[in-house]
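Engineer: Please see the structure below; I have some questions.
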Amino acid sequence: MERERLVASHWETSRAGPARRVYRLTPGGRQSLHEAAAGLSETRNVVSAYLERYEVLQEGSAIDATASAGRPSEPRRRPARDVLLPEDGFPSEANPLDA
């Protein structure tokens, strides 16, 4: 990271022990850190949306299993928060739960 100028370091001596290397973020390193955090935040949002959809599918499976336990088949009722997924399974701009 020093070669990329994301951090700078210097040696600090101490009377109580060996010298140690101290690092600090450079302005470029701070910017890189912010960009990485933004990317992780976006990843977190995508994973959260996926897990919410998964839970909806699991709820739907539980409803289907209950309905098929010796009772006449009824049309599947979707939970109120169920969302249709695009074919690729990724968030779409038109889906309000993707925000």
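Identifiers in this document derive from the order of the structure tokens: chains are assigned A, B, ..., residues are numbered from 1 separately in each chain, and ligands are numbered from 1 in order of occurrence.
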If you count only C-alpha atoms, which residues fall within 9 Å of segment 22-33 of chain A, apart from same-chain ones fewer than 3 positions away, as a PDB file with N, CA and C atoms, in the first residue's frame?
Structural biologist:
ATOM      1  N   MET A   1       0.817  -1.185   0.000  1.00  0.00           N
ATOM      2  CA  MET A   1       0.000   0.000   0.000  1.00  0.00           C
ATOM      3  C   MET A   1       0.870   1.262   0.000  1.00  0.00           C
ATOM      4  N   GLU A   4       1.657   2.110  -3.525  1.00  0.00           N
ATOM      5  CA  GLU A   4       0.502   2.727  -4.190  1.00  0.00           C
ATOM      6  C   GLU A   4       0.175   4.088  -3.595  1.00  0.00           C
ATOM      7  N   ARG A   5       0.943   4.509  -2.588  1.00  0.00           N
ATOM      8  CA  ARG A   5       0.791   5.790  -1.898  1.00  0.00           C
ATOM      9  C   ARG A   5      -0.566   5.923  -1.192  1.00  0.00           C
ATOM     10  N   LEU A   6      -1.048   4.788  -0.683  1.00  0.00           N
ATOM     11  CA  LEU A   6      -2.290   4.806   0.085  1.00  0.00           C
ATOM     12  C   LEU A   6      -2.006   5.029   1.560  1.00  0.00           C
ATOM     13  N   VAL A   7      -0.815   4.630   2.001  1.00  0.00           N
ATOM     14  CA  VAL A   7      -0.374   4.863   3.374  1.00  0.00           C
ATOM     15  C   VAL A   7       1.063   5.379   3.344  1.00  0.00           C
ATOM     16  N   ALA A   8       1.412   6.062   4.406  1.00  0.00           N
ATOM     17  CA  ALA A   8       2.798   6.495   4.614  1.00  0.00           C
ATOM     18  C   ALA A   8       3.206   5.964   5.981  1.00  0.00           C
ATOM     19  N   SER A   9       4.488   5.706   6.146  1.00  0.00           N
ATOM     20  CA  SER A   9       4.935   5.172   7.429  1.00  0.00           C
ATOM     21  C   SER A   9       6.235   5.828   7.861  1.00  0.00           C
ATOM     22  N   HIS A  10       6.498   5.684   9.130  1.00  0.00           N
ATOM     23  CA  HIS A  10       7.787   6.122   9.680  1.00  0.00           C
ATOM     24  C   HIS A  10       8.083   5.259  10.904  1.00  0.00           C
ATOM     25  N   TRP A  11       9.346   5.239  11.278  1.00  0.00           N
ATOM     26  CA  TRP A  11       9.758   4.479  12.462  1.00  0.00           C
ATOM     27  C   TRP A  11       9.664   5.361  13.682  1.00  0.00           C
ATOM     28  N   GLU A  12       9.139   4.799  14.750  1.00  0.00           N
ATOM     29  CA  GLU A  12       9.055   5.497  16.021  1.00  0.00           C
ATOM     30  C   GLU A  12       9.880   4.714  17.033  1.00  0.00           C
ATOM     31  N   ALA A  36     -13.912   1.804  -1.222  1.00  0.00           N
ATOM     32  CA  ALA A  36     -14.074   0.399  -0.829  1.00  0.00           C
ATOM     33  C   ALA A  36     -15.290   0.240   0.087  1.00  0.00           C
ATOM     34  N   ALA A  37     -15.478   1.176   1.009  1.00  0.00           N
ATOM     35  CA  ALA A  37     -16.634   1.113   1.914  1.00  0.00           C
ATOM     36  C   ALA A  37     -17.933   1.260   1.133  1.00  0.00           C
ATOM     37  N   ALA A  38     -17.959   2.132   0.146  1.00  0.00           N
ATOM     38  CA  ALA A  38     -19.162   2.300  -0.686  1.00  0.00           C
ATOM     39  C   ALA A  38     -19.454   1.015  -1.456  1.00  0.00           C
TER      40      ALA A  38
END
